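Undergrad: Below is the file my_file.pdb, which contains PDB, C-alpha atoms, pLDDT in the B column.
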```pdb
ATOM      1  CA  MET A 173       0.111  34.718   0.713  1.00 70.00           C
ATOM      2  CA  THR A 174       1.631  34.470   4.130  1.00 82.00           C
ATOM      3  CA  VAL A 175       2.102  31.219   5.963  1.00 86.00           C
ATOM      4  CA  LYS A 176      -0.570  30.577   8.608  1.00 90.00           C
ATOM      5  CA  ILE A 177       1.391  28.197  10.825  1.00 92.00           C
ATOM      6  CA  SER A 178       5.057  27.971  11.806  1.00 93.00           C
ATOM      7  CA  ALA A 179       7.275  24.891  11.386  1.00 96.00           C
ATOM      8  CA  THR A 180       7.253  24.385  15.173  1.00 95.00           C
ATOM      9  CA  GLU A 181       3.448  24.623  15.338  1.00 95.00           C
ATOM     10  CA  MET A 182       3.158  22.240  12.366  1.00 95.00           C
ATOM     11  CA  ASN A 183       5.354  19.622  14.051  1.00 96.00           C
ATOM     12  CA  ALA A 184       3.097  19.780  17.128  1.00 95.00           C
ATOM     13  CA  PHE A 185      -0.044  19.649  14.946  1.00 93.00           C
ATOM     14  CA  LEU A 186       1.205  16.521  13.131  1.00 93.00           C
ATOM     15  CA  ASP A 187       1.821  14.824  16.488  1.00 93.00           C
ATOM     16  CA  VAL A 188      -1.772  15.558  17.542  1.00 92.00           C
ATOM     17  CA  VAL A 189      -3.667  14.671  14.333  1.00 91.00           C
ATOM     18  CA  PHE A 190      -1.451  11.703  13.415  1.00 90.00           C
ATOM     19  CA  PRO A 191      -0.337  10.238  16.768  1.00 93.00           C
ATOM     20  CA  GLN A 192       0.422   6.907  15.068  1.00 93.00           C
ATOM     21  CA  ILE A 193       3.398   8.505  13.260  1.00 88.00           C
ATOM     22  CA  LYS A 194       4.602  10.784  16.058  1.00 92.00           C
ATOM     23  CA  GLY A 195       8.299  11.517  15.607  1.00 90.00           C
ATOM     24  CA  ALA A 196       8.424  10.027  12.096  1.00 94.00           C
ATOM     25  CA  PHE A 197       8.656  13.417  10.323  1.00 94.00           C
ATOM     26  CA  PHE A 198      10.164  16.791  11.114  1.00 96.00           C
ATOM     27  CA  VAL A 199       9.261  20.056   9.418  1.00 97.00           C
ATOM     28  CA  GLU A 200      12.533  21.980   9.115  1.00 98.00           C
ATOM     29  CA  ARG A 201      11.184  24.946   7.133  1.00 97.00           C
ATOM     30  CA  LEU A 202       7.667  26.109   6.295  1.00 97.00           C
ATOM     31  CA  ASP A 203       6.969  29.312   4.399  1.00 95.00           C
ATOM     32  CA  GLU A 204       4.671  30.696   1.701  1.00 93.00           C
ATOM     33  CA  THR A 205       6.557  28.820  -1.049  1.00 94.00           C
ATOM     34  CA  GLY A 206       6.537  25.347   0.523  1.00 97.00           C
ATOM     35  CA  CYS A 207       8.454  23.311   3.070  1.00 98.00           C
ATOM     36  CA  VAL A 208      11.512  21.212   3.792  1.00 98.00           C
ATOM     37  CA  MET A 209      10.928  18.026   5.778  1.00 98.00           C
ATOM     38  CA  ARG A 210      13.131  15.285   7.173  1.00 98.00           C
ATOM     39  CA  MET A 211      12.197  11.644   7.660  1.00 96.00           C
ATOM     40  CA  PRO A 212      14.752   9.728   9.724  1.00 95.00           C
ATOM     41  CA  MET A 213      15.484   6.333   8.169  1.00 93.00           C
ATOM     42  CA  ASP A 214      15.903   2.989   9.912  1.00 88.00           C
ATOM     43  CA  GLU A 215      15.700  -0.649   8.865  1.00 85.00           C
ATOM     44  CA  SER A 216      11.892  -0.586   8.831  1.00 86.00           C
ATOM     45  CA  HIS A 217      12.054   1.701   5.767  1.00 90.00           C
ATOM     46  CA  LEU A 218      14.237  -0.614   3.696  1.00 86.00           C
ATOM     47  CA  ARG A 219      13.255  -3.071   0.992  1.00 86.00           C
ATOM     48  CA  PRO A 220      15.259  -6.013  -0.302  1.00 86.00           C
ATOM     49  CA  GLY A 221      18.442  -4.777  -1.916  1.00 84.00           C
ATOM     50  CA  GLY A 222      19.182  -2.361   0.922  1.00 82.00           C
ATOM     51  CA  THR A 223      17.366   0.666  -0.471  1.00 89.00           C
ATOM     52  CA  ILE A 224      14.576   2.844   0.899  1.00 93.00           C
ATOM     53  CA  SER A 225      11.179   1.496  -0.133  1.00 93.00           C
ATOM     54  CA  GLY A 226       8.788   3.200  -2.535  1.00 94.00           C
ATOM     55  CA  PRO A 227       5.994   3.360   0.064  1.00 94.00           C
ATOM     56  CA  THR A 228       8.371   5.214   2.400  1.00 95.00           C
ATOM     57  CA  MET A 229       9.160   7.776  -0.303  1.00 96.00           C
ATOM     58  CA  PHE A 230       5.462   8.138  -1.147  1.00 96.00           C
ATOM     59  CA  THR A 231       4.656   8.733   2.523  1.00 95.00           C
ATOM     60  CA  LEU A 232       7.186  11.551   2.887  1.00 97.00           C
ATOM     61  CA  ALA A 233       6.036  13.195  -0.361  1.00 98.00           C
ATOM     62  CA  ASP A 234       2.410  12.985   0.761  1.00 96.00           C
ATOM     63  CA  VAL A 235       3.096  14.435   4.215  1.00 96.00           C
ATOM     64  CA  ALA A 236       5.188  17.246   2.670  1.00 97.00           C
ATOM     65  CA  ALA A 237       2.280  18.178   0.376  1.00 97.00           C
ATOM     66  CA  TYR A 238      -0.085  18.084   3.367  1.00 95.00           C
ATOM     67  CA  VAL A 239       2.235  20.342   5.390  1.00 96.00           C
ATOM     68  CA  THR A 240       2.634  22.758   2.467  1.00 96.00           C
ATOM     69  CA  THR A 241      -1.149  22.955   2.093  1.00 95.00           C
ATOM     70  CA  MET A 242      -1.691  23.460   5.842  1.00 93.00           C
ATOM     71  CA  GLY A 243       0.845  26.281   5.745  1.00 94.00           C
ATOM     72  CA  GLN A 244      -1.510  28.148   3.429  1.00 93.00           C
ATOM     73  CA  ILE A 245      -4.949  27.221   4.794  1.00 91.00           C
ATOM     74  CA  GLY A 246      -4.195  26.718   8.482  1.00 89.00           C
ATOM     75  CA  LYS A 247      -4.987  23.688  10.617  1.00 87.00           C
ATOM     76  CA  GLN A 248      -7.618  21.773   8.642  1.00 84.00           C
ATOM     77  CA  ALA A 249      -6.931  18.130   9.404  1.00 79.00           C
ATOM     78  CA  LEU A 250      -9.470  16.818   6.881  1.00 85.00           C
ATOM     79  CA  ALA A 251      -7.626  17.904   3.724  1.00 89.00           C
ATOM     80  CA  VAL A 252      -7.044  14.737   1.679  1.00 90.00           C
ATOM     81  CA  THR A 253      -4.883  13.545  -1.197  1.00 94.00           C
ATOM     82  CA  THR A 254      -6.812  13.401  -4.479  1.00 94.00           C
ATOM     83  CA  GLY A 255      -3.971  12.818  -6.929  1.00 96.00           C
ATOM     84  CA  CYS A 256      -0.361  11.703  -7.063  1.00 96.00           C
ATOM     85  CA  SER A 257       2.348  11.180  -9.629  1.00 97.00           C
ATOM     86  CA  LEU A 258       5.650   9.779  -8.366  1.00 97.00           C
ATOM     87  CA  ASP A 259       8.805   9.187 -10.398  1.00 97.00           C
ATOM     88  CA  PHE A 260      11.673   7.187  -8.908  1.00 96.00           C
ATOM     89  CA  MET A 261      14.950   8.477 -10.387  1.00 96.00           C
ATOM     90  CA  ARG A 262      17.864   7.141  -8.317  1.00 94.00           C
ATOM     91  CA  LYS A 263      18.480   4.597  -5.604  1.00 92.00           C
ATOM     92  CA  PRO A 264      18.227   6.393  -2.237  1.00 93.00           C
ATOM     93  CA  GLU A 265      21.034   5.625   0.165  1.00 85.00           C
ATOM     94  CA  ALA A 266      20.229   3.449   3.151  1.00 84.00           C
ATOM     95  CA  GLY A 267      21.499   4.986   6.372  1.00 86.00           C
ATOM     96  CA  ARG A 268      20.774   8.549   5.224  1.00 93.00           C
ATOM     97  CA  ASP A 269      17.633  10.444   6.206  1.00 96.00           C
ATOM     98  CA  LEU A 270      15.178  11.216   3.434  1.00 97.00           C
ATOM     99  CA  ILE A 271      14.657  14.940   2.791  1.00 98.00           C
ATOM    100  CA  ALA A 272      11.648  16.472   1.000  1.00 98.00           C
ATOM    101  CA  HIS A 273      11.754  19.870  -0.692  1.00 98.00           C
ATOM    102  CA  ALA A 274       8.128  20.764  -1.407  1.00 98.00           C
ATOM    103  CA  THR A 275       7.093  23.699  -3.586  1.00 98.00           C
ATOM    104  CA  LEU A 276       3.522  24.951  -3.734  1.00 97.00           C
ATOM    105  CA  LEU A 277       2.487  25.250  -7.386  1.00 97.00           C
ATOM    106  CA  LYS A 278      -1.151  26.314  -6.926  1.00 96.00           C
ATOM    107  CA  ILE A 279      -3.595  26.937  -4.120  1.00 95.00           C
ATOM    108  CA  GLY A 280      -7.273  27.534  -4.754  1.00 93.00           C
ATOM    109  CA  LYS A 281     -10.537  27.296  -2.830  1.00 91.00           C
ATOM    110  CA  SER A 282     -10.842  23.544  -3.269  1.00 93.00           C
ATOM    111  CA  LEU A 283      -7.448  22.190  -4.435  1.00 95.00           C
ATOM    112  CA  SER A 284      -3.743  22.642  -3.838  1.00 96.00           C
ATOM    113  CA  VAL A 285      -0.980  21.275  -6.063  1.00 98.00           C
ATOM    114  CA  THR A 286       2.528  20.688  -4.715  1.00 98.00           C
ATOM    115  CA  ASP A 287       5.742  19.523  -6.383  1.00 98.00           C
ATOM    116  CA  ILE A 288       8.113  17.538  -4.165  1.00 98.00           C
ATOM    117  CA  LEU A 289      11.738  16.555  -4.729  1.00 98.00           C
ATOM    118  CA  LEU A 290      13.121  13.837  -2.445  1.00 98.00           C
ATOM    119  CA  TYR A 291      16.822  13.581  -1.583  1.00 98.00           C
ATOM    120  CA  SER A 292      19.107  11.321   0.406  1.00 96.00           C
ATOM    121  CA  ASP A 293      20.470  13.628   3.103  1.00 96.00           C
ATOM    122  CA  GLY A 294      23.682  15.308   1.974  1.00 93.00           C
ATOM    123  CA  LYS A 295      23.273  14.384  -1.707  1.00 94.00           C
ATOM    124  CA  GLN A 296      22.760  16.915  -4.507  1.00 95.00           C
ATOM    125  CA  GLU A 297      20.686  14.865  -6.943  1.00 97.00           C
ATOM    126  CA  PRO A 298      17.058  13.977  -6.179  1.00 98.00           C
ATOM    127  CA  VAL A 299      16.081  10.328  -5.752  1.00 97.00           C
ATOM    128  CA  ALA A 300      12.416  10.907  -6.622  1.00 98.00           C
ATOM    129  CA  ARG A 301       9.960  13.565  -7.758  1.00 98.00           C
ATOM    130  CA  ALA A 302       6.262  13.720  -6.913  1.00 98.00           C
ATOM    131  CA  THR A 303       3.336  15.957  -7.706  1.00 98.00           C
ATOM    132  CA  MET A 304       0.509  15.771  -5.186  1.00 97.00           C
ATOM    133  CA  THR A 305      -2.971  17.300  -5.341  1.00 97.00           C
ATOM    134  CA  TYR A 306      -4.909  17.886  -2.136  1.00 96.00           C
ATOM    135  CA  SER A 307      -8.611  18.516  -1.733  1.00 95.00           C
ATOM    136  CA  ILE A 308      -9.273  21.361   0.689  1.00 93.00           C
ATOM    137  CA  PRO A 309     -12.377  21.004   2.899  1.00 85.00           C
ATOM    138  CA  PRO A 310     -15.082  23.560   2.085  1.00 84.00           C
ATOM    139  CA  THR A 311     -15.397  26.484   4.478  1.00 74.00           C
ATOM    140  CA  ARG A 312     -18.537  26.225   6.557  1.00 62.00           C
ATOM    141  CA  SER A 313     -20.522  29.343   7.396  1.00 55.00           C
TER
END
```
Take the structure in the file and write it out as structure tokens.
TA:
Amino acid sequence: MTVKISATEMNAFLDVVFPQIKGAFFVERLDETGCVMRMPMDESHLRPGGTISGPTMFTLADVAAYVTTMGQIGKQALAVTTGCSLDFMRKPEAGRDLIAHATLLKIGKSLSVTDILLYSDGKQEPVARATMTYSIPPTRS
């Protein structure tokens, strides 16, 4: 399969369909295998103990799965998360952006499944791993 939308087009699409999070995520790469995304970190993403919060990591994983799915099906804003598994493995470093490496595992007519590894920018070992399933809206005739 070839990708149906470029990283630049996807960044603009995210700004339009999710104006409430404009500038919170940046698609750095989008191709037929998945995507790489960056989420700049600030104090609003921290939890007590000076680490990046779980909800912040979930959000990036979810958006990366959404972007990966859109890369395959095109701009269909109504695709929704139907399943998630998230494992926290290491303490992410405060002050470093969070990076998602998403890999498309399966795309069908009604579901896509994506595996996502999250990293503290510049670090080799992942801080979390997620698997996300998205429901794809049915094609209308």
Undergrad: If you measure from atom CA of Met229 of chain A to atom CA of Leu250 of chain A, what distance in Å do you get, rounded to one decimal?
TA: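 Atom-to-atom, atom CA of Met229 of chain A to atom CA of Leu250 of chain A, that is 21.9 Å.
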Undergrad: For this file, the PyMOL selection byres ((chain A and resi 245) around 12) selects which residues, as a PyMOL selection string?
TA: chain A and resi 173-177+204+238-244+246-251+279-284+306-311
Undergrad: In Å to one decimal, how far is atom CA of Asp203 of chain A from atom CA of Cys256 of chain A?
TA: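 Between atom CA of Cys256 of chain A and atom CA of Asp203 of chain A the gap works out to 22.3 Å.
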Undergrad: Kindly give the distance, in Å, that separates atom CA of Glu215 of chain A and atom CA of Met261 of chain A, rounded to a single decimal.
TA: 21.3 Å
Undergrad: Between A:Met211, A:Phe230, A:Leu258, A:Ala184, which residue has the minimum interatomic distance to Phe197 of chain A, considering only C-alpha atoms?
TA: A:Met211
Undergrad: Determine the nearest neighbour of Phe260 of chain A from the options A:Thr305, A:Ser225, A:Thr205, A:Ser178, counting all atoms listed in the file.
TA: A:Ser225
Undergrad: Please write as a PyMOL selection string the full residue list that the PyMOL selection byres ((chain A and resi 292) around 8) yields on this file.
TA: chain A and resi 264-265+268-271+290-291+293-295+298-299
Undergrad: Give me the box for segment 277-290 of chain A as JSON, namely the centre and edge lengths in Å to one decimal of a box along x, y and z that holds every listed atom plus 5 Å on each side.
TA:
```
{"center_x": 1.1, "center_y": 20.7, "center_z": -4.9, "size_x": 34.0, "size_y": 23.7, "size_z": 14.9}
```
Undergrad: Report as number ranges by chain the full result of the PyMOL selection byres ((chain A and resi 274) around 6) when it is applied to this structure.
TA: A: 206-207, 273, 275, 287-288
